[in-house]
>>> print(open('entry31.cif').read())   # mmCIF, N, CA and C atoms
data_model
#
loop_
_atom_site.group_PDB
_atom_site.id
_atom_site.type_symbol
_atom_site.label_atom_id
_atom_site.label_comp_id
_atom_site.auth_asym_id
_atom_site.auth_seq_id
_atom_site.Cartn_x
_atom_site.Cartn_y
_atom_site.Cartn_z
ATOM 1 N N MET A 1 90.462 60.413 135.665
ATOM 2 C CA MET A 1 89.767 61.300 134.756
ATOM 3 C C MET A 1 90.006 60.809 133.332
ATOM 4 N N GLU A 2 88.940 60.706 132.586
ATOM 5 C CA GLU A 2 89.055 60.267 131.188
ATOM 6 C C GLU A 2 89.732 61.338 130.342
ATOM 7 N N ALA A 3 90.237 60.900 129.220
ATOM 8 C CA ALA A 3 90.927 61.826 128.315
ATOM 9 C C ALA A 3 89.992 62.951 127.874
ATOM 10 N N ASN A 4 88.743 62.611 127.545
ATOM 11 C CA ASN A 4 87.792 63.636 127.103
ATOM 12 C C ASN A 4 87.521 64.654 128.213
ATOM 13 N N GLU A 5 87.391 64.163 129.440
ATOM 14 C CA GLU A 5 87.149 65.066 130.566
ATOM 15 C C GLU A 5 88.353 65.979 130.804
ATOM 16 N N LEU A 6 89.537 65.423 130.646
ATOM 17 C CA LEU A 6 90.754 66.205 130.813
ATOM 18 C C LEU A 6 90.840 67.297 129.746
ATOM 19 N N ILE A 7 90.534 66.951 128.531
ATOM 20 C CA ILE A 7 90.555 67.922 127.430
ATOM 21 C C ILE A 7 89.542 69.029 127.682
ATOM 22 N N ILE A 8 88.345 68.654 128.080
ATOM 23 C CA ILE A 8 87.298 69.640 128.349
ATOM 24 C C ILE A 8 87.711 70.541 129.511
ATOM 25 N N SER A 9 88.310 69.967 130.533
ATOM 26 C CA SER A 9 88.764 70.744 131.675
ATOM 27 C C SER A 9 89.826 71.757 131.263
ATOM 28 N N ARG A 10 90.761 71.330 130.450
ATOM 29 C CA ARG A 10 91.823 72.233 129.998
ATOM 30 C C ARG A 10 91.267 73.314 129.082
ATOM 31 N N LEU A 11 90.300 72.957 128.244
ATOM 32 C CA LEU A 11 89.669 73.959 127.385
ATOM 33 C C LEU A 11 88.912 74.989 128.216
ATOM 34 N N ASP A 12 88.257 74.539 129.273
ATOM 35 C CA ASP A 12 87.571 75.471 130.172
ATOM 36 C C ASP A 12 88.565 76.428 130.829
ATOM 37 N N ASP A 13 89.720 75.884 131.238
ATOM 38 C CA ASP A 13 90.758 76.726 131.826
ATOM 39 C C ASP A 13 91.250 77.767 130.817
ATOM 40 N N LEU A 14 91.460 77.339 129.592
ATOM 41 C CA LEU A 14 91.905 78.268 128.542
ATOM 42 C C LEU A 14 90.848 79.336 128.279
ATOM 43 N N LYS A 15 89.603 78.928 128.286
ATOM 44 C CA LYS A 15 88.510 79.872 128.072
ATOM 45 C C LYS A 15 88.525 80.947 129.157
ATOM 46 N N GLN A 16 88.741 80.547 130.394
ATOM 47 C CA GLN A 16 88.803 81.508 131.493
ATOM 48 C C GLN A 16 89.999 82.438 131.340
ATOM 49 N N ASP A 17 91.135 81.887 130.929
ATOM 50 C CA ASP A 17 92.328 82.706 130.724
ATOM 51 C C ASP A 17 92.098 83.726 129.609
ATOM 52 N N ILE A 18 91.497 83.293 128.533
ATOM 53 C CA ILE A 18 91.225 84.194 127.408
ATOM 54 C C ILE A 18 90.260 85.284 127.831
ATOM 55 N N GLN A 19 89.250 84.927 128.598
ATOM 56 C CA GLN A 19 88.287 85.920 129.081
ATOM 57 C C GLN A 19 88.981 86.960 129.958
ATOM 58 N N PHE A 20 89.891 86.510 130.808
ATOM 59 C CA PHE A 20 90.657 87.425 131.660
ATOM 60 C C PHE A 20 91.460 88.403 130.811
ATOM 61 N N VAL A 21 92.141 87.891 129.798
ATOM 62 C CA VAL A 21 92.943 88.749 128.918
ATOM 63 C C VAL A 21 92.042 89.758 128.207
ATOM 64 N N LYS A 22 90.913 89.306 127.698
ATOM 65 C CA LYS A 22 89.998 90.198 127.004
ATOM 66 C C LYS A 22 89.490 91.311 127.915
ATOM 67 N N GLU A 23 89.280 91.008 129.178
ATOM 68 C CA GLU A 23 88.784 92.004 130.116
ATOM 69 C C GLU A 23 89.856 93.018 130.508
ATOM 70 N N HIS A 24 91.131 92.630 130.419
ATOM 71 C CA HIS A 24 92.199 93.491 130.904
ATOM 72 C C HIS A 24 93.082 94.087 129.809
ATOM 73 N N ILE A 25 92.800 93.766 128.569
ATOM 74 C CA ILE A 25 93.621 94.299 127.484
ATOM 75 C C ILE A 25 93.315 95.783 127.301
ATOM 76 N N ILE A 26 94.315 96.535 126.956
ATOM 77 C CA ILE A 26 94.157 97.968 126.756
ATOM 78 C C ILE A 26 94.268 98.249 125.259
ATOM 79 N N ASP A 27 93.289 98.961 124.745
ATOM 80 C CA ASP A 27 93.316 99.357 123.336
ATOM 81 C C ASP A 27 94.153 100.621 123.231
ATOM 82 N N ILE A 28 95.295 100.498 122.591
ATOM 83 C CA ILE A 28 96.219 101.622 122.493
ATOM 84 C C ILE A 28 96.073 102.272 121.120
ATOM 85 N N THR A 29 95.808 103.552 121.140
ATOM 86 C CA THR A 29 95.718 104.314 119.903
ATOM 87 C C THR A 29 96.805 105.375 119.934
ATOM 88 N N LEU A 30 97.645 105.379 118.925
ATOM 89 C CA LEU A 30 98.724 106.360 118.867
ATOM 90 C C LEU A 30 98.178 107.684 118.339
ATOM 91 N N THR A 31 98.538 108.747 119.022
ATOM 92 C CA THR A 31 98.188 110.080 118.544
ATOM 93 C C THR A 31 99.260 110.544 117.559
ATOM 94 N N GLN A 32 98.998 111.636 116.884
ATOM 95 C CA GLN A 32 99.994 112.174 115.957
ATOM 96 C C GLN A 32 101.250 112.582 116.719
ATOM 97 N N ASP A 33 101.076 113.063 117.938
ATOM 98 C CA ASP A 33 102.217 113.424 118.785
ATOM 99 C C ASP A 33 103.083 112.198 119.082
ATOM 100 N N ASP A 34 102.431 111.064 119.350
ATOM 101 C CA ASP A 34 103.160 109.814 119.597
ATOM 102 C C ASP A 34 103.948 109.402 118.361
ATOM 103 N N VAL A 35 103.312 109.485 117.204
ATOM 104 C CA VAL A 35 103.965 109.108 115.942
ATOM 105 C C VAL A 35 105.171 110.016 115.697
ATOM 106 N N ASN A 36 104.999 111.308 115.939
ATOM 107 C CA ASN A 36 106.110 112.252 115.746
ATOM 108 C C ASN A 36 107.272 111.917 116.677
ATOM 109 N N SER A 37 106.960 111.572 117.922
ATOM 110 C CA SER A 37 108.003 111.211 118.883
ATOM 111 C C SER A 37 108.743 109.950 118.449
ATOM 112 N N LEU A 38 108.010 108.984 117.947
ATOM 113 C CA LEU A 38 108.643 107.750 117.463
ATOM 114 C C LEU A 38 109.547 108.026 116.272
ATOM 115 N N ASN A 39 109.077 108.867 115.359
ATOM 116 C CA ASN A 39 109.894 109.218 114.190
ATOM 117 C C ASN A 39 111.167 109.934 114.614
ATOM 118 N N GLU A 40 111.044 110.843 115.570
ATOM 119 C CA GLU A 40 112.216 111.561 116.061
ATOM 120 C C GLU A 40 113.202 110.608 116.738
ATOM 121 N N ALA A 41 112.687 109.654 117.476
ATOM 122 C CA ALA A 41 113.546 108.673 118.138
ATOM 123 C C ALA A 41 114.286 107.815 117.112
ATOM 124 N N GLU A 42 113.597 107.435 116.037
ATOM 125 C CA GLU A 42 114.249 106.658 114.975
ATOM 126 C C GLU A 42 115.382 107.455 114.332
ATOM 127 N N LYS A 43 115.158 108.747 114.120
ATOM 128 C CA LYS A 43 116.201 109.599 113.538
ATOM 129 C C LYS A 43 117.409 109.681 114.476
ATOM 130 N N ASP A 44 117.126 109.837 115.781
ATOM 131 C CA ASP A 44 118.222 109.876 116.755
ATOM 132 C C ASP A 44 119.004 108.572 116.756
ATOM 133 N N LEU A 45 118.288 107.470 116.607
ATOM 134 C CA LEU A 45 118.944 106.167 116.564
ATOM 135 C C LEU A 45 119.860 106.048 115.349
ATOM 136 N N GLU A 46 119.362 106.510 114.208
ATOM 137 C CA GLU A 46 120.170 106.462 112.979
ATOM 138 C C GLU A 46 121.431 107.331 113.102
ATOM 139 N N LYS A 47 121.309 108.467 113.794
ATOM 140 C CA LYS A 47 122.451 109.364 113.963
ATOM 141 C C LYS A 47 123.429 108.869 115.019
ATOM 142 N N GLY A 48 123.028 107.870 115.785
ATOM 143 C CA GLY A 48 123.881 107.351 116.833
ATOM 144 C C GLY A 48 123.764 108.117 118.150
ATOM 145 N N ASN A 49 122.742 108.969 118.248
ATOM 146 C CA ASN A 49 122.540 109.748 119.471
ATOM 147 C C ASN A 49 121.901 108.944 120.580
ATOM 148 N N THR A 50 121.438 107.790 120.266
ATOM 149 C CA THR A 50 120.796 106.905 121.257
ATOM 150 C C THR A 50 121.004 105.474 120.827
ATOM 151 N N LYS A 51 120.610 104.538 121.672
ATOM 152 C CA LYS A 51 120.707 103.135 121.281
ATOM 153 C C LYS A 51 119.423 102.423 121.651
ATOM 154 N N ARG A 52 119.161 101.359 120.943
ATOM 155 C CA ARG A 52 117.952 100.562 121.149
ATOM 156 C C ARG A 52 118.082 99.780 122.453
ATOM 157 N N LEU A 53 117.001 99.748 123.219
ATOM 158 C CA LEU A 53 117.013 98.995 124.484
ATOM 159 C C LEU A 53 116.643 97.556 124.270
#
>>> encode(input="entry31.cif", output="structure tokens")
Amino acid sequence: MEANELIISRLDDLKQDIQFVKEHIIDITLTQDDVNSLNEAEKDLEKGNTKRL
């Protein structure tokens, strides 16, 4: 296989991988409740009531 053919083949593989990721990615939107929970967790961490995983 020539170098150009190999490059094109690998680019095609990458294109397929990217398409797969695009089809399966989840758009995550944080609600105000989520933000409040995160803020509360940060406060607990600062107080030493919990630890970071």
>>> atom_distance(input="entry31.cif", atom1="CA of Glu5 in chain A", atom2="atom C of Phe20 in chain A")
23.7 Å
>>> atom_distance(input="entry31.cif", atom1="atom C of Ser9 in chain A", atom2="atom C of Glu23 in chain A")
21.3 Å
>>> atom_distance(input="entry31.cif", atom1="atom C of Thr31 in chain A", atom2="atom C of Leu53 in chain A")
22.7 Å
>>> axis_aligned_box(input="entry31.cif", around="range 13-21 of chain A", padding_each_side="6 Å", output="JSON")
{"center_x": 90.6, "center_y": 82.8, "center_z": 129.6, "size_x": 16.7, "size_y": 25.9, "size_z": 16.4}
>>> residues_around(input="entry31.cif", residues="Glu42 in chain A", least_positions_apart="6", cutoff="10 Å", atoms="only C-alpha atoms", output="list in words")
Asn36, Gly48, Asn49, Thr50, Lys51 and Arg52 of chain A
>>> decode(input="entry31.cif", residues="chain A", atoms="C-alpha atoms", output="PDB file, in the first residue's frame")
ATOM      1  CA  MET A   1       0.000   0.000   0.000  1.00  0.00           C
ATOM      2  CA  GLU A   2       1.369   3.394  -0.955  1.00  0.00           C
ATOM      3  CA  ALA A   3       1.893   6.067   1.646  1.00  0.00           C
ATOM      4  CA  ASN A   4      -0.938   8.186   0.207  1.00  0.00           C
ATOM      5  CA  GLU A   5      -3.333   5.234   0.293  1.00  0.00           C
ATOM      6  CA  LEU A   6      -2.346   4.481   3.872  1.00  0.00           C
ATOM      7  CA  ILE A   7      -2.941   8.088   4.907  1.00  0.00           C
ATOM      8  CA  ILE A   8      -6.322   8.161   3.185  1.00  0.00           C
ATOM      9  CA  SER A   9      -7.274   4.862   4.809  1.00  0.00           C
ATOM     10  CA  ARG A  10      -6.361   6.135   8.265  1.00  0.00           C
ATOM     11  CA  LEU A  11      -8.226   9.391   7.664  1.00  0.00           C
ATOM     12  CA  ASP A  12     -11.301   7.397   6.652  1.00  0.00           C
ATOM     13  CA  ASP A  13     -11.001   5.392   9.870  1.00  0.00           C
ATOM     14  CA  LEU A  14     -10.751   8.603  11.896  1.00  0.00           C
ATOM     15  CA  LYS A  15     -13.753  10.021  10.081  1.00  0.00           C
ATOM     16  CA  GLN A  16     -15.792   6.961  11.050  1.00  0.00           C
ATOM     17  CA  ASP A  17     -14.631   7.213  14.662  1.00  0.00           C
ATOM     18  CA  ILE A  18     -15.551  10.894  14.824  1.00  0.00           C
ATOM     19  CA  GLN A  19     -18.962  10.179  13.319  1.00  0.00           C
ATOM     20  CA  PHE A  20     -19.548   7.491  15.959  1.00  0.00           C
ATOM     21  CA  VAL A  21     -18.645   9.914  18.753  1.00  0.00           C
ATOM     22  CA  LYS A  22     -20.902  12.606  17.305  1.00  0.00           C
ATOM     23  CA  GLU A  23     -23.815  10.174  17.163  1.00  0.00           C
ATOM     24  CA  HIS A  24     -23.351   9.001  20.755  1.00  0.00           C
ATOM     25  CA  ILE A  25     -22.330  12.156  22.591  1.00  0.00           C
ATOM     26  CA  ILE A  26     -24.775  13.408  25.185  1.00  0.00           C
ATOM     27  CA  ASP A  27     -25.446  17.120  25.510  1.00  0.00           C
ATOM     28  CA  ILE A  28     -25.455  17.759  29.233  1.00  0.00           C
ATOM     29  CA  THR A  29     -27.199  20.836  30.534  1.00  0.00           C
ATOM     30  CA  LEU A  30     -26.926  21.602  34.227  1.00  0.00           C
ATOM     31  CA  THR A  31     -30.101  22.687  35.952  1.00  0.00           C
ATOM     32  CA  GLN A  32     -30.114  25.194  38.790  1.00  0.00           C
ATOM     33  CA  ASP A  33     -30.640  22.250  41.147  1.00  0.00           C
ATOM     34  CA  ASP A  34     -27.460  20.632  39.787  1.00  0.00           C
ATOM     35  CA  VAL A  35     -25.505  23.866  40.262  1.00  0.00           C
ATOM     36  CA  ASN A  36     -26.797  24.190  43.834  1.00  0.00           C
ATOM     37  CA  SER A  37     -25.756  20.604  44.584  1.00  0.00           C
ATOM     38  CA  LEU A  38     -22.277  21.223  43.201  1.00  0.00           C
ATOM     39  CA  ASN A  39     -21.912  24.390  45.267  1.00  0.00           C
ATOM     40  CA  GLU A  40     -23.009  22.544  48.395  1.00  0.00           C
ATOM     41  CA  ALA A  41     -20.524  19.760  47.689  1.00  0.00           C
ATOM     42  CA  GLU A  42     -17.708  22.305  47.296  1.00  0.00           C
ATOM     43  CA  LYS A  43     -18.618  23.828  50.670  1.00  0.00           C
ATOM     44  CA  ASP A  44     -18.581  20.374  52.278  1.00  0.00           C
ATOM     45  CA  LEU A  45     -15.180  19.749  50.744  1.00  0.00           C
ATOM     46  CA  GLU A  46     -13.812  23.011  52.134  1.00  0.00           C
ATOM     47  CA  LYS A  47     -15.145  22.128  55.604  1.00  0.00           C
ATOM     48  CA  GLY A  48     -13.510  18.716  55.433  1.00  0.00           C
ATOM     49  CA  ASN A  49     -16.841  16.874  55.557  1.00  0.00           C
ATOM     50  CA  THR A  50     -15.988  14.991  52.388  1.00  0.00           C
ATOM     51  CA  LYS A  51     -13.035  14.309  50.143  1.00  0.00           C
ATOM     52  CA  ARG A  52     -12.446  14.525  46.424  1.00  0.00           C
ATOM     53  CA  LEU A  53     -12.577  11.218  44.550  1.00  0.00           C
TER      54      LEU A  53
END
